[in-house]
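Notes follow the structure.
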Amino acid sequence: MYIFLLHWFLVQSKKLPSTTKSKPTATRGKGAKKPKKGEEEAEVHSWDQDSQKEQILSQLTTILDLDLYTIWRNNNPEEPFTDLIAKIGYFYMEDSASMKNKSIRASLNTLMSILVIKYGQLTGITQSLVHFINKHEFMITPSAELVEHVTKTGESSQLAGNVIREIGKTSSKDFERDTNGAKNISSFLIELAERIPKEILSNISVLIPHLDGEAYQIRSAVIQILGVLIVKVLSSSESSLETKESFLDILEERVRDIKSFSRSRALQTWEYLVENKMIPTDRDESVLDLAIGRLQDTTVHTRKCALSLVSAFVTYNRYGPILILSELKDRLKLEQAKLKNMKDEEDAEQNAEEAKQLKVVQILTSASKFVEKIHSSIPIICQFLASKNSTEVQDAIDFFVVIHSFGIQEAQTGIRKMLALVWSGEAPVKEKVISAYGDLYLTIENPLKIAKNLIHLTEGANLGDLTSMEELMTEMMKKGRIAKGVIQALWDCFSMKVPKITPLESRGALIVLSMLANADPHLVKNKINLLVQVGLGERWKEDAYVARYTCITLQKLVPKDKEEKAAFKRLNPKHKLFENLSEVISDQSVNQTNWYGCAEQAISTIYALSENPDRICAKIVQDLATNLFPSLNEDSMQQDLLQCSVSELSKFFFIVGHVALKQLVHIEEIQTELRRRRGDNHDQKKTKENRTAIEEELGVHAAQEETETERLQAFAEREIIGNNLIGIFGPAVALVSSNAGKKFNDQSLRTCAVLALCKLMCVNQEYCDKHLQLLFTILHNAPEPEIRANIVICLGDLALRFPNLIDPWLKEVYSQLKDKDIKVRKNSLMVLSHLILNDMIKVKGQISEMAICLEDPDPRISDLSKLFFLLFSKKENNVYNILPDLISNLSTSCSHESFKNIMKYLFSFIKKDRQMENLVDKLCARIRTSTDDQSNGIFYCLSLLNFNDKALKKLCENSKLFLSKLGDNEIRGYINSIISKSKKFAKVEMKDVIAELEAKVNHATEDGDPEEETKDAEMVTPKPESTASKRGKTRGTRGARGGTARGKVSTRGAKKNTKVQSDSEEEMGYDSSSSDGEVPQKKPTRKQVVESSSESESEDERPVKKGASTKKVQTSEEDSDSSESEEEKPKKSAAKPKSKKVESDSNDSSESEEEKPVKRGATRGRGRG
């Protein structure tokens, strides 16, 4: 009785408000407010059972521990009694708050275990547990605890077996329907396997069949359970080897599961086995092959799990901490030689040693194969570094750090590619790269070793790698990760004070120092003399790169901040530095290939650091010109050019061009500084408040500044290319560039001359205008790709300097995108991308050439093109605006497959509904005038759109424009795909539109091309009949009129009786009489009414088309005594269409009007007959 009352109270308490949710009432005082009436009632009727839950469960446990068998007559407690106690336990199980309390959970476990073991409540508790797990996620862990408690305390696995069998009996379809329940069950099974693996193993046969089920959650759980069983149960037992092998076979098979979640779980299970070293040696190779194969999976999560598995194989490998392939192979050869010698000596005592030696050879062979497989996976993992998913990129970075720590040689490939990620826009990726390089190269305590690590990173690096490394070193320097001891060690390596340092390592130290100086220019400030002495001393003649990087390092002295740059004090022109730099530029003994880069940086250093750079460079040019051209006379210049050394002339032209360009930059910097100073003085003399309102409105001061700028610019151009030192050699440069008389055929000479020509054109507008035709002629005819590539870059600079001059020639720039040379195409694409993205040139029809670059065979060019369109799409409507013209151009200028790929990429940027709707209109409008190829392309593009309601309506409205094209199977396929896609996501109100469009398409498909039928119909015109014959036919067939409309009527096509038709006439049907072989005639209505162009068919016409006559038709035909005679009908009919302009083949319009009733009567006669 008390148990019943307790159960009743618990049930009723659910209906009452909980006291825990209400605020505790304070003791009534003088100032306390009196509670409201509702609050008082809530306090009276509420029951705070939270503090009594544990006590209740404890009392119930005590009751069950008593010898209750003596109370009942049959020495067996009644089932309703134990059921009530179990229900009280179930009540608490469904309460999430109770299940969070560990002491309540422990009391429940004790209570339920007594009910199962002592009172036979096994079945009820089993079913309730499975129900609770399905229903409540919070019951997963408490249920697993309960089953574990019953199993271990009661020493009985009945409850565990029953629960597992109950789950196993559930059909896969039920799990598939209830995804939340399946998820809860899978989590429960996994946790149960962790707690009581032996009981799971004894019932695993019930769960294995679910691997073939549709519920991937259960499949994933079974896969993980198998891994747990292998580690926790089957690892120590040799008798269960067969079971273990069968489980491993299942796990291998599940790596190829159809669902990515199950594939990922299988890979995670294999990683768990690798970490616990539970994979047999003979399976290493096959499992590693599976992991490497899954690196190319279609889903990110599966690839991530595969990468983690490969990394685990390396981390927990059985071959040692150093996995250098070359060393392993060398050692393998030695051990194989030893084994061969042992086999040659037949001695019984050596059998044991031979067996050991054989085992060593097998291990080394396996190790070599293992490392080779890791090497084969590295190119695939390198692709992860370019992934859009940041976590995938970070995992790849971690992988390369791991394999580098094991000495795997190919890791350097990935580490080098990681450098580019320092430019990543995602902060986590950038931080990961910086952290990874810090772990790889900066974690050693010895500063000299750190310095050498950084030096080795520069070896074999290209320009892109060095640029990325400079950014990396700058970021590390800002974060303070480069210690002062490391910087000093780098200076020691550069000056070769460190023993056994090579010249190559010395140069690498200088490169690293130049990178670090980018963040802290003070590193170089106190080392100028050392740089001049070592970098620009005698050593540079042996290694010109030392002089080049010395100049680059010295240029870092100039601050980047504008204010600091204005305060920067330049060096005296008589400084030893400029003397050495002049010697470097003027030296003719250095290898020509290495000299150019060195001389370029030397000139840049002079202009960066000297107080009077123009004087120093003028002297250099004058000295070189005197040696080459003794007279410096323009008339004798051509003769002198032929007598000059090709090498010396090439270097001279290079110097002239670069000095001219740097002089222009120098003058512009002076202009900027003058404007700044003038602005400061002006602000001091006359503040903004003192300016008159009219001056501000008219922009007087802005106009004055602009005039001053133009004056200084013109002065700069005249000074550089006027009647002066550099201006004298302008004609000579043009002469050699044009290869006049084929006298200057040396490639190096022509390359330097064209480069100088380009630089001089950038300086002076008149010189540019004069030689622009020559430049494009060279671009078109030059066989050397280096010359064409340089000209393309120059044209980009010219477009910025003199846009009006270059604009008419842009078509020639676009044409370079089709050049045979990769470098020319790449430069052209980069230049045009820069100009378009910065709004320097307008987008024209030639942009289709840039779209074709998306399909370029060189991956760098295709990637650059993708990047361009990605950036181009960020400005609103850019891609949308060019798409119609692109479709028209590309559909005829590239292959069908390439067109599809290009359009698929470009249409991915069309995401706005308004853009899609307008594109439907624009593309449909182009169909009528398009060629077959263009039509095919347009329909393919329409199939790429995600049609919303409005777009679909527009497509249906414009259907008359494309129905005639449906004879092409491919076009029909595109339209059908649009309809099928629209059906999947269509709303209820759109189903009618889709049905209408589908009906039109099916109608046009079944009946063929209506335009062809129209042409056939026009070829035969029936002769007009007399009025008497018409009357006769009409009277003779009146009796049969009732059934005429039930005859077969064809509605195909549209009939043309005249040369010019209205749209409504094209849509009218035809009556086809196959029995008498006559040409199909226009089906008549009761009154011959010519419809307006906006209507497709009249009200009277529709029932006739369907084959059933309306009441109006029957009435008019059956009334033989109608006041309207047959002669009057055509007059009315002819009088109607006055608004339509219909031309007749006949000169007499009245005859054409009489033809209509004749044809109408004849048609009716044939129909009745």
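Chain labels A, B, ... are given in the sequence in which chains occur in the structure tokens; within each chain residues are numbered consecutively from 1, and ligands are likewise numbered from 1 in the order shown.
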
Legend entry - Distance query Asp249 (chain A) at most 12 Å, only C-alpha atoms, self and fewer than 4 positions along chain excluded, as number ranges by chain: A: 223, 226-227, 242-245, 253-256, 266, 270, 279, 283, 286-287

Residues of region 656-683 of chain A within 10 Å of region 756-778 of chain A: nearest atom pair and distance (Å, one decimal) for each, counting only C-alpha atoms, sorted by chain and number, as CSV?
```
residue,atom,partner,partner_atom,distance
A:Val656,CA,A:Ala756,CA,6.9
A:Gly657,CA,A:Ala756,CA,4.1
A:His658,CA,A:Lys759,CA,7.0
A:Val659,CA,A:Lys759,CA,9.3
A:Ala660,CA,A:Leu760,CA,6.6
A:Leu661,CA,A:Lys759,CA,6.0
A:Lys662,CA,A:Lys759,CA,9.7
A:Gln663,CA,A:Val763,CA,9.1
A:Leu664,CA,A:Val763,CA,6.6
A:Val665,CA,A:Val763,CA,9.4
```

Legend entry - Distance query Val584 (chain A) at most 10 Å, only C-alpha atoms, self and fewer than 5 positions along chain excluded, as a ChimeraX atom specification: /A:536-537,540-541,544,547-548,578-579,589-590,595,598-599,602-603

Dump all heavy atoms for the selected residues as a short mmCIF file (atom, residue, chain, number, x, y, z; two decimals), in the first residue's frame?
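Generated output (again_26.cif):
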```
data_model
loop_
_atom_site.label_atom_id
_atom_site.label_comp_id
_atom_site.auth_asym_id
_atom_site.auth_seq_id
_atom_site.Cartn_x
_atom_site.Cartn_y
_atom_site.Cartn_z
N LEU A 536 81.00 43.79 -50.94
CA LEU A 536 81.38 44.54 -52.15
C LEU A 536 82.89 44.60 -52.33
O LEU A 536 83.39 45.45 -53.06
CB LEU A 536 80.80 45.97 -52.07
CG LEU A 536 79.27 46.06 -51.98
CD1 LEU A 536 78.83 47.51 -51.82
CD2 LEU A 536 78.62 45.45 -53.22
N GLY A 537 83.59 43.70 -51.67
CA GLY A 537 85.04 43.62 -51.85
C GLY A 537 85.40 42.73 -53.03
O GLY A 537 84.66 42.64 -54.02
N TRP A 540 82.99 39.51 -54.44
CA TRP A 540 81.80 39.56 -55.29
C TRP A 540 82.09 39.16 -56.73
O TRP A 540 81.20 38.73 -57.47
CB TRP A 540 81.18 40.95 -55.24
CG TRP A 540 81.86 41.98 -56.10
CD1 TRP A 540 82.89 42.78 -55.75
CD2 TRP A 540 81.55 42.26 -57.47
NE1 TRP A 540 83.26 43.58 -56.78
CE2 TRP A 540 82.45 43.27 -57.86
CE3 TRP A 540 80.63 41.79 -58.39
CZ2 TRP A 540 82.45 43.81 -59.15
CZ3 TRP A 540 80.63 42.32 -59.66
CH2 TRP A 540 81.52 43.32 -60.03
N LYS A 541 83.37 39.30 -57.16
CA LYS A 541 83.72 38.92 -58.53
C LYS A 541 83.62 37.42 -58.75
O LYS A 541 83.38 36.96 -59.86
CB LYS A 541 85.12 39.42 -58.86
CG LYS A 541 85.22 40.95 -58.90
CD LYS A 541 86.60 41.41 -59.28
CE LYS A 541 86.68 42.95 -59.31
NZ LYS A 541 88.02 43.43 -59.67
N ALA A 544 78.69 36.82 -57.83
CA ALA A 544 77.97 38.09 -58.02
C ALA A 544 76.72 38.17 -57.14
O ALA A 544 76.25 39.26 -56.83
CB ALA A 544 77.58 38.25 -59.49
N ALA A 547 77.22 40.33 -53.98
CA ALA A 547 77.06 41.77 -54.19
C ALA A 547 75.58 42.13 -54.32
O ALA A 547 75.11 43.15 -53.79
CB ALA A 547 77.83 42.21 -55.43
N ARG A 548 74.82 41.27 -55.00
CA ARG A 548 73.39 41.55 -55.20
C ARG A 548 72.66 41.58 -53.86
O ARG A 548 71.90 42.53 -53.58
CB ARG A 548 72.79 40.46 -56.10
CG ARG A 548 71.31 40.63 -56.35
CD ARG A 548 70.78 39.51 -57.21
NE ARG A 548 69.35 39.62 -57.43
CZ ARG A 548 68.62 38.74 -58.09
NH1 ARG A 548 69.20 37.68 -58.62
NH2 ARG A 548 67.33 38.92 -58.26
N PHE A 578 79.58 53.98 -52.37
CA PHE A 578 79.23 54.36 -53.74
C PHE A 578 80.41 54.14 -54.69
O PHE A 578 80.21 53.88 -55.88
CB PHE A 578 78.75 55.81 -53.76
CG PHE A 578 77.57 56.05 -52.86
CD1 PHE A 578 77.68 56.89 -51.76
CD2 PHE A 578 76.37 55.41 -53.08
CE1 PHE A 578 76.61 57.10 -50.92
CE2 PHE A 578 75.28 55.62 -52.25
CZ PHE A 578 75.40 56.46 -51.15
N GLU A 579 81.60 54.25 -54.17
CA GLU A 579 82.78 53.95 -54.99
C GLU A 579 82.78 52.48 -55.39
O GLU A 579 83.03 52.14 -56.55
CB GLU A 579 84.04 54.30 -54.20
CG GLU A 579 85.33 54.11 -54.99
CD GLU A 579 86.56 54.45 -54.16
OE1 GLU A 579 86.44 55.23 -53.19
OE2 GLU A 579 87.63 53.93 -54.49
N SER A 589 84.33 42.36 -66.37
CA SER A 589 84.94 41.03 -66.28
C SER A 589 84.00 39.99 -65.69
O SER A 589 84.26 38.79 -65.77
CB SER A 589 86.21 41.10 -65.42
OG SER A 589 85.89 41.53 -64.10
N VAL A 590 82.89 40.44 -65.09
CA VAL A 590 81.96 39.50 -64.44
C VAL A 590 81.12 38.79 -65.49
O VAL A 590 80.85 39.32 -66.57
CB VAL A 590 81.05 40.26 -63.45
CG1 VAL A 590 80.18 39.30 -62.67
CG2 VAL A 590 81.89 41.08 -62.50
N TRP A 595 75.65 39.36 -63.90
CA TRP A 595 75.91 40.79 -63.75
C TRP A 595 74.64 41.61 -63.72
O TRP A 595 74.55 42.59 -62.98
CB TRP A 595 76.82 41.26 -64.90
CG TRP A 595 77.10 42.74 -64.86
CD1 TRP A 595 78.07 43.38 -64.17
CD2 TRP A 595 76.34 43.76 -65.55
NE1 TRP A 595 77.99 44.74 -64.37
CE2 TRP A 595 76.93 44.99 -65.22
CE3 TRP A 595 75.25 43.73 -66.40
CZ2 TRP A 595 76.47 46.19 -65.73
CZ3 TRP A 595 74.78 44.93 -66.90
CH2 TRP A 595 75.38 46.14 -66.58
N CYS A 598 72.91 41.94 -60.40
CA CYS A 598 73.81 42.66 -59.50
C CYS A 598 73.80 44.16 -59.81
O CYS A 598 73.70 45.00 -58.91
CB CYS A 598 75.21 42.07 -59.65
SG CYS A 598 76.42 42.81 -58.57
N ALA A 599 73.92 44.53 -61.11
CA ALA A 599 73.94 45.94 -61.51
C ALA A 599 72.60 46.62 -61.22
O ALA A 599 72.56 47.80 -60.81
CB ALA A 599 74.26 46.04 -63.00
N ALA A 602 72.55 47.42 -57.60
CA ALA A 602 73.55 48.46 -57.30
C ALA A 602 73.01 49.85 -57.63
O ALA A 602 73.15 50.80 -56.84
CB ALA A 602 74.83 48.18 -58.07
N ILE A 603 72.38 49.99 -58.81
CA ILE A 603 71.78 51.28 -59.19
C ILE A 603 70.66 51.66 -58.23
O ILE A 603 70.55 52.82 -57.79
CB ILE A 603 71.26 51.21 -60.64
CG1 ILE A 603 72.44 51.04 -61.62
CG2 ILE A 603 70.47 52.47 -60.99
CD1 ILE A 603 72.02 50.72 -63.03
#
```

Inset, instruction - For Val498 (chain A), list every protein, DNA or RNA residue within 12 Å, evaluated using only C-alpha atoms, and leave out those in the same chain fewer than 6 positions away; present the list as a PyMOL selection string. - result: chain A and resi 448-449+451-452+488-492+505-506+509
